[in-house]
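Notes follow once the structure below has been shown.
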Amino acid sequence: MAAITEFLPKEYGYVVLVLVFYCFLNLWMGFQVGGARKRYNVPYPTLYAIESENKDAKLFNCVQRGHQNSLEYMPMYFILMILGGMKHPCISTGLGLLYSVTRYFYFKGYATGDPMKRLTIGKYSFLGLIGLMICTISFGVTLIRA
């Protein structure tokens, strides 16, 4: 453990906690999809409902898509948090919180059945990602110059 604390700043713990927070958010979104499956009668393993077969297909698909989109961005978000946080733990923590909160609103907006509502607050998630990219680039440049 001593080797880890010598390498990483103590503030890196905040980065770790924000990542775990996002894991809980992701689990919550998954539970919302499960509830939508029951509510709109979309059995497993169907990924997306077909409108000609289910009158509530669009409602279910919007819930499913909100979660799926979050899963698609999750690897990029995690790697940017992990790497960018090594040099800029406090900034990365703030950007990670921004990203996580805006992803919640992205999902909630999408789940209304009106895909445009995902962007009301959710569109700001890209500010978090771009900031994390800058932190990670800074970390990479520091490694190259060392």
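Each chain of the structure tokens is named A, B, ... in the order shown, its residues numbered from 1; ligands are numbered from 1 in display order.
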
Spatial neighbours of Gly30 of chain A, 12 Å, only C-alpha atoms, chain gap at least 2 places, as a list in words: Cys23, Phe24, Leu25, Asn26, Leu27, Trp28, Gln32, Val33, Gly34, Gly35, Ala36, Arg37, Val63, Gln64, Arg65, Gly66, His67, Gln68, Asn69, Ser70, Leu71 and Phe107 of chain A

Pairwise distance for atom CA of Ser125 of chain A and atom CA of Thr102 of chain A, rounded to one decimal in Å: 5.3 Å

Could you give me, as CSV, every segment 24-110 of chain A residue with an atom at most 12 Å from segment 127-137 of chain A, plus its closest atom pair and distance in Å to one decimal, counting only C-alpha atoms, rows ordered by chain then number?
```
residue,atom,partner,partner_atom,distance
A:Tyr73,CA,A:Leu129,CA,9.5
A:Met74,CA,A:Leu129,CA,10.7
A:Pro75,CA,A:Leu129,CA,11.6
A:Met76,CA,A:Leu129,CA,8.5
A:Tyr77,CA,A:Leu129,CA,6.8
A:Phe78,CA,A:Leu132,CA,9.9
A:Ile79,CA,A:Thr136,CA,8.9
A:Leu80,CA,A:Leu132,CA,5.7
A:Met81,CA,A:Leu132,CA,6.5
A:Ile82,CA,A:Thr136,CA,8.7
A:Leu83,CA,A:Thr136,CA,5.7
A:Gly84,CA,A:Thr136,CA,3.9
A:Gly85,CA,A:Cys135,CA,7.3
A:Met86,CA,A:Thr136,CA,8.5
A:Lys87,CA,A:Cys135,CA,7.4
A:His88,CA,A:Cys135,CA,6.4
A:Pro89,CA,A:Cys135,CA,9.1
A:Cys90,CA,A:Cys135,CA,10.6
A:Ile91,CA,A:Cys135,CA,8.0
A:Ser92,CA,A:Leu132,CA,6.1
A:Thr93,CA,A:Leu132,CA,9.4
A:Gly94,CA,A:Gly128,CA,8.4
A:Leu95,CA,A:Gly128,CA,4.7
A:Gly96,CA,A:Gly128,CA,6.4
A:Leu97,CA,A:Gly128,CA,8.2
A:Leu98,CA,A:Gly128,CA,5.8
A:Tyr99,CA,A:Gly128,CA,5.0
A:Ser100,CA,A:Gly128,CA,8.7
A:Val101,CA,A:Gly128,CA,10.1
A:Thr102,CA,A:Gly128,CA,8.9
A:Arg103,CA,A:Gly128,CA,10.2
```

Residues flagged alpha helix (DSSP H) by DSSP in chain A, as a ChimeraX atom specification: /A:2-7,12-40,57-87,89-110,119-122,125-145

Fewer than 6 positions away in the same chain doesn't count, so skip those; otherwise give me all residues within 8 Å of segment 45-59 of chain A, counting only C-alpha atoms, as a short mmCIF file (atom, residue, chain, number, x, y, z; two decimals) with C-alpha atoms, in the first residue's frame.
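The resulting file, part.cif, is shown below:
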```
data_model
loop_
_atom_site.label_atom_id
_atom_site.label_comp_id
_atom_site.auth_asym_id
_atom_site.auth_seq_id
_atom_site.Cartn_x
_atom_site.Cartn_y
_atom_site.Cartn_z
CA ALA A 111 -36.61 8.14 -20.50
CA THR A 112 -39.52 10.57 -20.97
CA GLY A 113 -39.99 9.18 -24.47
#
```
